[in-house]
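Structure data (PDB, C-alpha atoms) from coords.pdb:
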MODEL        1
ATOM      1  CA  MET V   1       0.688   4.516  -8.542
ATOM      2  CA  LYS V   2       3.094   6.959 -10.164
ATOM      3  CA  LEU V   3       3.430  10.282  -8.344
ATOM      4  CA  PRO V   4       5.026  13.627  -9.257
ATOM      5  CA  ARG V   5       8.600  14.161  -8.110
ATOM      6  CA  THR V   6       7.417  16.944  -5.809
ATOM      7  CA  SER V   7       5.617  14.375  -3.655
ATOM      8  CA  HIS V   8       9.104  13.293  -2.590
ATOM      9  CA  THR V   9      11.044  16.564  -2.730
ATOM     10  CA  SER V  10       8.444  18.498  -0.726
ATOM     11  CA  ARG V  11       8.707  16.244   2.330
ATOM     12  CA  PRO V  12      11.336  16.799   5.044
ATOM     13  CA  TRP V  13      13.246  13.562   4.482
ATOM     14  CA  ARG V  14      16.751  13.225   5.887
ATOM     15  CA  ILE V  15      17.949  11.961   2.509
ATOM     16  CA  HIS V  16      17.696  15.471   1.056
ATOM     17  CA  GLY V  17      20.577  16.665   3.182
ATOM     18  CA  VAL V  18      22.650  13.540   2.545
ATOM     19  CA  ALA V  19      22.289  13.188  -1.236
ATOM     20  CA  PRO V  20      21.530  16.598  -2.793
ATOM     21  CA  ASP V  21      23.532  15.644  -5.908
ATOM     22  CA  PHE V  22      21.156  12.795  -6.856
ATOM     23  CA  ASP V  23      18.220  13.374  -9.203
ATOM     24  CA  VAL V  24      14.749  12.043  -8.429
ATOM     25  CA  GLU V  25      13.952   9.612 -11.246
ATOM     26  CA  ASP V  26      10.680   8.010 -10.129
ATOM     27  CA  VAL V  27       8.209   8.234  -7.249
ATOM     28  CA  TRP V  28       5.653   5.502  -6.658
ATOM     29  CA  SER V  29       3.025   4.868  -3.977
ATOM     30  CA  PHE V  30       1.792   1.559  -2.563
ATOM     31  CA  ARG V  31      -1.543   1.182  -0.779
ATOM     32  CA  THR V  32      -1.471  -0.328   2.704
ATOM     33  CA  PRO V  33      -5.083  -0.332   3.994
ATOM     34  CA  GLY V  34      -5.404  -0.042   7.742
ATOM     35  CA  ALA V  35      -1.779   1.014   8.274
ATOM     36  CA  GLY V  36      -1.043   3.444  11.068
ATOM     37  CA  PRO V  37       1.758   5.950  11.642
ATOM     38  CA  ASP V  38       3.881   3.452  13.580
ATOM     39  CA  ASP V  39       3.571   0.578  11.105
ATOM     40  CA  PHE V  40       6.630   1.283   8.950
ATOM     41  CA  PRO V  41       8.637  -1.529  10.610
ATOM     42  CA  VAL V  42       5.650  -3.819  10.018
ATOM     43  CA  MET V  43       5.703  -2.905   6.332
ATOM     44  CA  LEU V  44       9.436  -3.517   6.058
ATOM     45  CA  ARG V  45       8.945  -6.883   7.719
ATOM     46  CA  ALA V  46       6.166  -7.685   5.227
ATOM     47  CA  LEU V  47       8.463  -6.811   2.331
ATOM     48  CA  HIS V  48      11.176  -8.992   3.805
ATOM     49  CA  GLU V  49       8.770 -11.945   3.970
ATOM     50  CA  GLY V  50       6.684 -11.480   0.847
ATOM     51  CA  GLY V  51       8.578  -9.298  -1.626
ATOM     52  CA  ARG V  52      10.879 -11.813  -3.257
ATOM     53  CA  LEU V  53      11.849 -11.719  -6.917
ATOM     54  CA  ASP V  54      10.534 -15.213  -7.533
ATOM     55  CA  GLN V  55       7.032 -13.988  -6.690
ATOM     56  CA  GLN V  56       6.974 -11.511  -9.571
ATOM     57  CA  PRO V  57       5.183 -12.193 -12.867
ATOM     58  CA  ALA V  58       7.056 -13.965 -15.630
ATOM     59  CA  ALA V  59       7.511 -10.754 -17.684
ATOM     60  CA  ALA V  60       9.295  -8.998 -14.812
ATOM     61  CA  ARG V  61      11.471 -12.030 -14.080
ATOM     62  CA  PHE V  62      12.414 -12.186 -17.760
ATOM     63  CA  LEU V  63      13.504  -8.527 -17.780
ATOM     64  CA  PHE V  64      15.653  -9.065 -14.713
ATOM     65  CA  ALA V  65      17.232 -12.154 -16.238
ATOM     66  CA  VAL V  66      18.094 -10.234 -19.415
ATOM     67  CA  ARG V  67      19.535  -7.352 -17.379
ATOM     68  CA  TRP V  68      21.810  -9.580 -15.308
ATOM     69  CA  LYS V  69      22.955 -11.502 -18.382
ATOM     70  CA  LEU V  70      23.866  -8.238 -20.115
ATOM     71  CA  GLY V  71      25.584  -7.017 -16.977
ATOM     72  CA  ALA V  72      27.696 -10.150 -16.814
ATOM     73  CA  LEU V  73      28.527  -9.970 -20.518
ATOM     74  CA  LEU V  74      29.448  -6.262 -20.558
ATOM     75  CA  GLY V  75      30.986  -6.022 -17.102
ATOM     76  CA  TRP V  76      28.430  -3.594 -15.683
ATOM     77  CA  ASP V  77      28.261  -5.413 -12.352
ATOM     78  CA  LYS V  78      31.929  -6.012 -11.664
ATOM     79  CA  GLU V  79      33.126  -5.142  -8.181
ATOM     80  CA  GLN V  80      35.240  -2.242  -9.446
ATOM     81  CA  ALA V  81      32.132  -0.684 -11.019
ATOM     82  CA  GLY V  82      30.221  -0.680  -7.735
ATOM     83  CA  LEU V  83      30.345   0.848  -4.276
ATOM     84  CA  GLY V  84      33.871   1.389  -3.072
ATOM     85  CA  GLY V  85      35.113   1.039  -6.640
ATOM     86  CA  ARG V  86      33.699   3.454  -9.183
ATOM     87  CA  VAL V  87      31.804   5.454  -6.532
ATOM     88  CA  ARG V  88      32.107   6.127  -2.816
ATOM     89  CA  PRO V  89      29.351   4.585  -0.675
ATOM     90  CA  LEU V  90      26.807   7.083   0.557
ATOM     91  CA  ARG V  91      27.408   5.810   4.076
ATOM     92  CA  ASP V  92      30.735   7.647   4.003
ATOM     93  CA  ARG V  93      28.788  10.928   4.077
ATOM     94  CA  LEU V  94      26.554  10.061   7.012
ATOM     95  CA  PRO V  95      26.822  11.453  10.511
ATOM     96  CA  GLU V  96      27.378   8.716  13.046
ATOM     97  CA  GLU V  97      23.780   8.896  14.297
ATOM     98  CA  LEU V  98      22.464   7.868  10.878
ATOM     99  CA  ARG V  99      25.204   5.375  10.079
ATOM    100  CA  ALA V 100      24.456   3.450  13.263
ATOM    101  CA  THR V 101      20.830   2.871  12.222
ATOM    102  CA  ALA V 102      21.851   0.403   9.503
ATOM    103  CA  GLU V 103      24.211  -1.645  11.645
ATOM    104  CA  GLY V 104      23.174  -5.281  11.562
ATOM    105  CA  VAL V 105      20.993  -4.831   8.461
ATOM    106  CA  GLY V 106      22.454  -7.166   5.879
ATOM    107  CA  LYS V 107      22.915  -6.577   2.171
ATOM    108  CA  LYS V 108      19.968  -7.588  -0.004
ATOM    109  CA  GLY V 109      21.068  -8.692  -3.435
ATOM    110  CA  PRO V 110      23.020  -5.837  -5.019
ATOM    111  CA  PHE V 111      21.495  -3.277  -2.609
ATOM    112  CA  SER V 112      23.347  -2.126   0.513
ATOM    113  CA  PRO V 113      21.623  -0.455   3.497
ATOM    114  CA  VAL V 114      22.387   3.224   4.074
ATOM    115  CA  PHE V 115      20.164   4.190   6.998
ATOM    116  CA  GLN V 116      16.797   3.267   8.498
ATOM    117  CA  LEU V 117      14.574   5.478  10.640
ATOM    118  CA  ALA V 118      11.034   5.256  11.999
ATOM    119  CA  ASP V 119       9.540   6.501   8.720
ATOM    120  CA  GLU V 120      12.403   6.423   6.233
ATOM    121  CA  CYS V 121      14.741   3.770   4.825
ATOM    122  CA  VAL V 122      17.456   4.105   2.174
ATOM    123  CA  LEU V 123      19.291   1.427   0.198
ATOM    124  CA  GLU V 124      22.060   1.906  -2.345
ATOM    125  CA  LEU V 125      23.360   0.286  -5.518
ATOM    126  CA  ALA V 126      26.085   1.168  -7.990
ATOM    127  CA  ASN V 127      27.197  -0.458 -11.203
ATOM    128  CA  GLY V 128      28.582   0.504 -14.582
ATOM    129  CA  THR V 129      25.411   2.323 -15.628
ATOM    130  CA  VAL V 130      24.232   4.241 -12.571
ATOM    131  CA  HIS V 131      24.645   5.037  -8.884
ATOM    132  CA  THR V 132      21.145   4.770  -7.443
ATOM    133  CA  LEU V 133      19.326   5.086  -4.131
ATOM    134  CA  MET V 134      16.027   3.507  -3.215
ATOM    135  CA  HIS V 135      14.207   5.653  -0.677
ATOM    136  CA  LEU V 136      11.269   4.102   1.162
ATOM    137  CA  GLY V 137       9.080   6.508   3.127
ATOM    138  CA  TRP V 138       5.994   6.185   5.317
ATOM    139  CA  VAL V 139       3.407   8.941   4.877
ATOM    140  CA  PRO V 140      -0.305   9.651   5.416
ATOM    141  CA  ALA V 141      -2.348   8.457   2.443
ATOM    142  CA  GLU V 142      -3.759  11.210   0.268
ATOM    143  CA  ASP V 143      -7.186   9.564  -0.122
ATOM    144  CA  GLY V 144      -8.491  10.899   3.182
ATOM    145  CA  SER V 145      -8.803   7.415   4.679
ATOM    146  CA  GLY V 146      -6.550   8.204   7.629
ATOM    147  CA  ASP V 147      -4.278   5.307   6.673
ATOM    148  CA  HIS V 148      -0.563   5.519   6.022
ATOM    149  CA  GLU V 149       1.074   4.223   2.860
ATOM    150  CA  LEU V 150       4.472   3.294   1.482
ATOM    151  CA  ARG V 151       6.261   5.609  -0.928
ATOM    152  CA  MET V 152       9.264   4.635  -3.010
ATOM    153  CA  ALA V 153      11.524   7.204  -4.636
ATOM    154  CA  VAL V 154      14.355   6.217  -6.964
ATOM    155  CA  LEU V 155      17.260   8.686  -6.923
ATOM    156  CA  VAL V 156      19.992   8.402  -9.530
ATOM    157  CA  LYS V 157      23.376   9.598 -10.736
ATOM    158  CA  PRO V 158      23.845   8.098 -14.216
ATOM    159  CA  ASN V 159      27.357   7.093 -15.227
ATOM    160  CA  GLY V 160      28.053   9.648 -17.973
ATOM    161  CA  LEU V 161      26.224   9.897 -21.286
ATOM    162  CA  PHE V 162      25.906   6.127 -21.585
ATOM    163  CA  GLY V 163      24.216   5.963 -18.197
ATOM    164  CA  LYS V 164      21.719   8.659 -19.183
ATOM    165  CA  LEU V 165      20.908   6.893 -22.443
ATOM    166  CA  TYR V 166      20.524   3.592 -20.620
ATOM    167  CA  MET V 167      18.138   5.070 -18.043
ATOM    168  CA  GLY V 168      16.060   6.570 -20.838
ATOM    169  CA  PHE V 169      15.987   3.259 -22.687
ATOM    170  CA  ILE V 170      14.715   1.235 -19.727
ATOM    171  CA  ALA V 171      12.128   3.809 -18.585
ATOM    172  CA  PRO V 172       9.240   2.302 -20.610
ATOM    173  CA  PHE V 173       9.993  -1.134 -19.180
ATOM    174  CA  ARG V 174       9.982   0.232 -15.621
ATOM    175  CA  TYR V 175       6.602   1.903 -16.056
ATOM    176  CA  ALA V 176       4.901  -0.819 -18.108
ATOM    177  CA  VAL V 177       6.245  -3.956 -16.418
ATOM    178  CA  VAL V 178       8.462  -3.520 -13.356
ATOM    179  CA  TYR V 179       6.557  -0.988 -11.248
ATOM    180  CA  PRO V 180       3.100  -2.520 -11.824
ATOM    181  CA  ALA V 181       4.543  -5.917 -10.866
ATOM    182  CA  LEU V 182       6.206  -4.390  -7.826
ATOM    183  CA  THR V 183       2.916  -2.763  -6.827
ATOM    184  CA  ARG V 184       1.050  -6.060  -6.914
ATOM    185  CA  MET V 185       3.817  -7.822  -5.025
ATOM    186  CA  TRP V 186       4.363  -5.206  -2.292
ATOM    187  CA  GLU V 187       0.681  -4.446  -1.753
ATOM    188  CA  GLY V 188       0.102  -8.189  -1.580
ATOM    189  CA  ALA V 189       2.916  -8.485   0.965
ATOM    190  CA  TRP V 190       1.099  -5.978   3.176
ATOM    191  CA  ARG V 191      -2.207  -7.840   2.863
ATOM    192  CA  ASP V 192      -0.521 -11.176   3.609
ATOM    193  CA  ARG V 193       1.815  -9.919   6.328
ATOM    194  CA  GLY V 194       2.545 -12.486   9.010
ATOM    195  CA  ARG V 195       1.422 -15.382   6.820
ATOM    196  CA  GLU V 196       4.823 -16.121   5.247
ATOM    197  CA  ARG V 197       7.276 -18.619   6.644
ATOM    198  CA  GLU V 198       8.951 -17.784   9.928
ATOM    199  CA  ARG V 199      12.150 -15.762   9.540
ATOM    200  CA  LEU V 200      15.335 -17.787   9.741
ATOM    201  CA  PRO V 201      17.563 -16.876  12.722
ATOM    202  CA  SER V 202      20.297 -15.640  10.366
ATOM    203  CA  GLU V 203      18.033 -13.105   8.630
ATOM    204  CA  ALA V 204      18.158  -9.521   9.806
ATOM    205  CA  PRO V 205      14.825  -7.967  10.874
ATOM    206  CA  GLY V 206      13.443  -4.860   9.240
ATOM    207  CA  ALA V 207      15.277  -5.210   5.935
ATOM    208  CA  PRO V 208      13.029  -5.152   2.874
ATOM    209  CA  ALA V 209      13.433  -7.782   0.188
ATOM    210  CA  VAL V 210      14.316  -5.325  -2.528
ATOM    211  CA  GLY V 211      17.325  -7.081  -3.952
ATOM    212  CA  ARG V 212      16.207  -6.594  -7.558
ATOM    213  CA  THR V 213      13.222  -4.282  -7.802
ATOM    214  CA  ALA V 214      14.167  -2.480 -11.005
ATOM    215  CA  PRO V 215      16.756  -3.187 -13.666
ATOM    216  CA  GLN V 216      19.522  -0.595 -13.185
TER
ENDMDL
END

The structure in this file should be written as structure tokens.
Amino acid sequence: MKLPRTSHTSRPWRIHGVAPDFDVEDVWSFRTPGAGPDDFPVMLRALHEGGRLDQQPAAARFLFAVRWKLGALLGWDKEQAGLGGRVRPLRDRLPEELRATAEGVGKKGPFSPVFQLADECVLELANGTVHTLMHLGWVPAEDGSGDHELRMAVLVKPNGLFGKLYMGFIAPFRYAVVYPALTRMWEGAWRDRGRERERLPSEAPGAPAVGRTAPQ
């Protein structure tokens, strides 16, 4: 469910002090019935097991395929357009206490881990169109059930005028196709947690499968 930006900005997240120069683009909530205050690692594990791109509907997979084809054709995803090339990684800003929380958490698709706490996780992506952060937070549900739920906030720094135009162009696709598909997939991952295949020894625990959650 789409939420107002204030539902993210009003909470005391650590990301506010780390990335004040990023704008909040979208905020979305995901229902996790029966979740308690200490279940954020359980949710991240569920995303890791059951949040893969190949589980999304055909329309969402088609959009991603088009985006990556365009990126390859126009050079949006070249190494020099990404982290350490066009932009400095956000990890360079972190105090050591936060930087250490992502050690051992591997890269997921184009996203790189920034930090991970008991109720907050941040991943980062940069390309020729935008420098973006995905913030995952764990908060009490607003329905009075006493459950906790997952919140996702997308924070962005578009790459110039082209980046702003691009973000505006893809907004209808995010709201009509990508986020509804993501909601079904992530809420389903919570319901089906523990039923996916056993994690391979080489896979890092606690890292959500968010390699390609929205075309950026």

Need to verify the contact set: range 147-150 of chain V, 6 Å, all atoms listed in the file, exclusion of same-chain residues closer than 6 positions in sequence. Can you return it as a PDB file with C-alpha atoms, keeping the file's coordinate frame?
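New file part-v9.pdb:
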ATOM      1  CA  SER V  29       3.025   4.868  -3.977  1.00  0.00           C
ATOM      2  CA  PHE V  30       1.792   1.559  -2.563  1.00  0.00           C
ATOM      3  CA  ARG V  31      -1.543   1.182  -0.779  1.00  0.00           C
ATOM      4  CA  THR V  32      -1.471  -0.328   2.704  1.00  0.00           C
ATOM      5  CA  GLY V  34      -5.404  -0.042   7.742  1.00  0.00           C
ATOM      6  CA  ALA V  35      -1.779   1.014   8.274  1.00  0.00           C
ATOM      7  CA  GLY V  36      -1.043   3.444  11.068  1.00  0.00           C
ATOM      8  CA  GLY V 137       9.080   6.508   3.127  1.00  0.00           C
ATOM      9  CA  TRP V 138       5.994   6.185   5.317  1.00  0.00           C
ATOM     10  CA  VAL V 139       3.407   8.941   4.877  1.00  0.00           C
ATOM     11  CA  PRO V 140      -0.305   9.651   5.416  1.00  0.00           C
ATOM     12  CA  ALA V 141      -2.348   8.457   2.443  1.00  0.00           C
TER      13      ALA V 141
END

- Task: Using all atoms listed in the file, determine which residues lie at most 10 Å from Asp192 in chain V, disregarding the query and same-chain residues fewer than 5 positions distant; provide the list as a ChimeraX atom specification.
- Result: /V:46,49-50,186-187

- Task: Counting only C-alpha atoms, write as a list in words all protein and nucleic acid residues lying at most 9 Å from (30.8, -1.6, -3.8) in the file's frame.
- Result: Glu79, Gln80, Ala81, Gly82, Leu83, Gly84, Gly85, Arg86, Val87, Arg88, Pro89, Pro110, Ser112, Leu125, Ala126 and Asn127 of chain V

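Computed from the coordinates, the CA of Met1 in chain V to CA of Val154 in chain V distance equals 13.9 Å.
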
- Mind pulling up the distance from CA of Leu44 in chain V to CA of Pro180 in chain V?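 So the answer is 19.0 Å.
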
- Quick one, how far is CA of Lys157 in chain V from CA of Glu103 in chain V?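 Spanning CA of Lys157 in chain V to CA of Glu103 in chain V is a straight-line distance of 25.1 Å.
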
- Could you spell out the hits of the PyMOL selection byres ((chain V and resi 134) around 9) on the shown file, as a PyMOL selection string? chain V and resi 111+121-125+132-133+135-136+152-156

How big is the axis-aligned box around the listed atoms of range 113-116 of chain V once 4 Å is added on each side, and where is its centre? Give both in Å to one decimal, as lines of an AutoDock Vina configuration file.
center_x = 19.6
center_y = 1.9
center_z = 6.0
size_x = 13.6
size_y = 12.6
size_z = 13.0

- With distances taken over all atoms listed in the file, which of V:Lys78, V:Thr129, V:Ala19, V:Val27 is nearest to Ile170 in chain V? V:Thr129

Might you pull out every residue within 9 Å of range 167-169 of chain V, with all atoms listed in the file counted and same-chain residues fewer than 3 positions away left off, and present them as an mmCIF file with C-alpha atoms, in the frame of the given file?
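As written to disk, out-v1.cif reads:
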data_model
loop_
_atom_site.group_PDB
_atom_site.id
_atom_site.type_symbol
_atom_site.label_atom_id
_atom_site.label_comp_id
_atom_site.auth_asym_id
_atom_site.auth_seq_id
_atom_site.Cartn_x
_atom_site.Cartn_y
_atom_site.Cartn_z
ATOM 1 C CA THR V 129 25.411 2.323 -15.628
ATOM 2 C CA VAL V 130 24.232 4.241 -12.571
ATOM 3 C CA PRO V 158 23.845 8.098 -14.216
ATOM 4 C CA PHE V 162 25.906 6.127 -21.585
ATOM 5 C CA GLY V 163 24.216 5.963 -18.197
ATOM 6 C CA LYS V 164 21.719 8.659 -19.183
ATOM 7 C CA PRO V 172 9.240 2.302 -20.610
ATOM 8 C CA PHE V 173 9.993 -1.134 -19.180
ATOM 9 C CA GLN V 216 19.522 -0.595 -13.185
#

- Message: Please determine, counting only C-alpha atoms, which residue among V:Ile15, V:Ala189, V:Leu3, V:Leu165 has the shortest atom-to-atom distance to Pro95 in chain V.
- Response: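 Checking each candidate against Pro95 in chain V, we get V:Ile15 as the closest.
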
- Item | Counting all atoms listed in the file, the residue of V:Val114, V:Trp28, V:Ser145, V:Asn159 that sits nearest Leu182 in chain V |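 With all atoms listed in the file as the atom set, the closest residue is V:Trp28.
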